[in-house]
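To start, the structure under review is shown below, and the notes come after it.
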There are 2 protein chains.
Amino acid sequence: MHYRQQKALLTRKKILDAALELFTEKGFDEVKVSDIVKKSKTSKGAFYTHFSSKYEIFLEKFKEIDDFYITYEQDQTGPQTPLQFIENLHKAQVHYLKDELGKDTVRTIYMNVLRADQDSFVADKKRPYFHIVKKFIKKGQEDGSIREDMSSEVLTAQITKAIRGNIYDWCSNDKYDLEKEQDYLLSILLLGLTPKQ
Amino acid sequence: MHYRQQKALLTRKKILDAALELFTEKGFDEVKVSDIVKKSKTSKGAFYTHFSSKYEIFLEKFKEIDDFYITYEQDQTGPQTPLQFIENLHKAQVHYLKDELGKDTVRTIYMNVLRADQDSFVADKKRPYFHIVKKFIKKGQEDGSIREDMSSEVLTAQITKAIRGNIYDWCSNDKYDLEKEQDYLLSILLLGLTPKQ
DNA sequence: GCAATTAAGAGACCCTAGTCTCTTAAAATG
DNA sequence: CATTTTAAGAGACTAGGGTCTCTTAATTGC
């Protein structure tokens with residue numbers, strides 16, 4: 001590690017810290033790149049050598065969404081059937097999105113995922129969220145409580161994307177009861193996971 | 001209708017026609033408002049008196065998405081159970097989105113729905129799509145093939161939003177087999193609609 | 001140690017969606 | 001018919017994300 005690289009890393013951190021502070025304070029749309037540059041006492045040139053867009057720096061922080069899922073799984077101790085686990089996970093999820101992250105943040109993420117140059121993030125199968133759901137679907141298939149005509153991978157993909165539909169609708173509607181709608185949707189999805197008679 | 005209003009209407013039409021032609025030719029992102037203005041021989045002032053954004057004029061055209069659903073329902077003649085109808089409708093839907101509208105158009109719509117100033121369009125319950133699905137869910141509830149612990153309105157909302165999740169994922173992933181994923185998802189959703197034992 | 005190379009960064013500049021102001025001609029008023 | 005009001009539209013201007021070029025100082029090579 002050379003002196004120059006160290007200094008660059010410090011610059012990167014200055015920009016990141018300033019940006020996150022501003023995002024928290026004013027929200028993504030209200031923060032200008034020039035604000036970030038001013039606050040971090042750097043320059044546009046520095047900003048764009050370290051981050052490829054304003055959205056990228058925003059995402060940096062919100063990759064910690066995944067910590068929620070990891071922590072959630074660890075915290076579960078009592079006995080639960082796989083279906084109960086999946087249901088409870090998704091009920092906890094809406095609280096986290098609503099009360100911790102906030103609609104505006106989620107909306108920003110969901111919007112930028114659709115930008116032509118961006119590669120997905122929410123639907124990335126490498127995310128802990130996907131792994132955790134898949135793990136419990138597998139368990140359910142093993143104990144016979146979940147259908148086996150589709151692989152756990154495929155079933156997981158279907159559940160998570162249906163849930164994304166719910167979150168998407170919440171983001172685009174002013175009056176939307178996220179919890180209630182999540183409950184309704186889960187009721188259909190979980191029944192849809194049971195083995196066919 | 002006064003002379004001035006007539007002339008305004010003509011201007012509006014000139015802008016709309018020019019815009020749609022350019023969108024078809026080059027895609028939403030590649031068309032500049034100045035291109036539209038130039039092609040229609042009008043001005044920015046005229047553009048923004050008739051449309052509130054570039055997206056709004058785009059949506060104007062793609063409200064005809066709804067014609068697809070109306071036509072589809074009318075064209076169905078043979079006997080089908082409500083669940084079969086819903087399944088077939090959604091299989092036809094993906095072909096329409098993929099081959100008629102195209103991913104780029106759908107992506108543009110899904111993205112703009114999330115813009116803070118915009119009110120939804122895709123999740124609007126007044127759309128024919130919603131009405132048609134609801135009608136068949138009601139039928140299924142009447143003949144006992146669909147669960148009755150939730151209203152047809154609620155069930156419809158869940159199905160349509162889960163489907164939106166699928167379309168959303170398609171829009172944000174390069175390699176995504178929309179038809180196959182729709183089949184998988186429908187398999188879960190339709191089972192989830194059946195009455196609980 | 002000294003030239004040549006290169007990476008970090010400063011900031012002027014570009015691009016384009018959207019706004020603002022001003023003009024003009026049609027409609028309303030009397 | 002003259003005057004006032006107003007709505008459509010022209011186009012200059014603003015805003016803000018992102019790009020480009022140029023500088024400088026650290027690193028490398030001889």
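As shown in the structure tokens, the chain order sets the letters A, B, ...; within each chain, residues go from 1, and ligands are also counted from 1 in the order they appear.
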Tell me the residues of chain A close to chain D, meaning within 10 Å using only C-alpha atoms (C1' of nucleotides), as a PyMOL selection string.
-> chain A and resi 2-5+32-34+44-45+48+52-54
Near chain B, which residues of chain C fall within 9 Å when you count only C-alpha atoms (C1' of nucleotides), and what do they look like as a PyMOL selection string?
-> chain C and resi 16-18+26-27
Hey, can you spit out that residue selection with C-alpha atoms (C1' of nucleotides) as a short mmCIF file (atom, residue, chain, number, x, y, z; two decimals), in the first residue's frame?
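Final output, saved to again-v7.cif:
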data_model
loop_
_atom_site.label_atom_id
_atom_site.label_comp_id
_atom_site.auth_asym_id
_atom_site.auth_seq_id
_atom_site.Cartn_x
_atom_site.Cartn_y
_atom_site.Cartn_z
"C1'" DT C 16 -30.79 17.84 -21.56
"C1'" DA C 17 -35.16 17.93 -18.75
"C1'" DG C 18 -37.73 21.27 -17.13
"C1'" DA C 26 -57.79 35.62 -29.93
"C1'" DA C 27 -61.66 36.24 -26.82
#
If the cut-off is 7 Å, can you tell me the residues of chain A near chain B, counting only C-alpha atoms? I'd like them as a tab-separated table (two decimals) with C-alpha atoms, in the first residue's frame.
chain	number	residue	atom	x	y	z
A	107	ARG	CA	-38.15	3.70	-3.72
A	111	MET	CA	-36.03	2.85	-9.22
A	113	VAL	CA	-32.31	-0.97	-10.31
A	114	LEU	CA	-34.28	-0.33	-13.47
A	120	SER	CA	-29.81	-5.54	-10.45
A	123	ALA	CA	-33.05	-9.54	-7.31
A	158	GLN	CA	-40.97	-17.02	-7.10
A	161	LYS	CA	-40.21	-11.78	-6.61
A	162	ALA	CA	-43.84	-11.82	-5.55
A	163	ILE	CA	-42.77	-10.04	-2.38
A	164	ARG	CA	-40.88	-7.53	-4.50
A	165	GLY	CA	-44.13	-6.86	-6.32
A	166	ASN	CA	-45.67	-5.93	-3.00
A	169	ASP	CA	-46.59	-1.27	-5.20
A	171	CYS	CA	-43.30	2.46	-3.20
A	172	SER	CA	-45.55	3.78	-5.92
A	173	ASN	CA	-48.70	4.37	-3.89
A	185	LEU	CA	-49.93	-11.97	-0.17
A	188	ILE	CA	-51.63	-16.97	-0.94
A	189	LEU	CA	-47.95	-17.70	-1.42
A	191	LEU	CA	-50.67	-22.03	0.45
A	192	GLY	CA	-49.15	-22.10	-3.01
A	193	LEU	CA	-46.03	-23.71	-1.60
What lies within 7 Å of range 7-10 of chain C using only C-alpha atoms (C1' of nucleotides), ignoring chain neighbours under 5 positions off, as a PyMOL selection string?
-> chain A and resi 8+43+45-46
Quick one, how far is CA of Phe51 in chain A from CA of Leu16 in chain A?
-> 9.3 Å
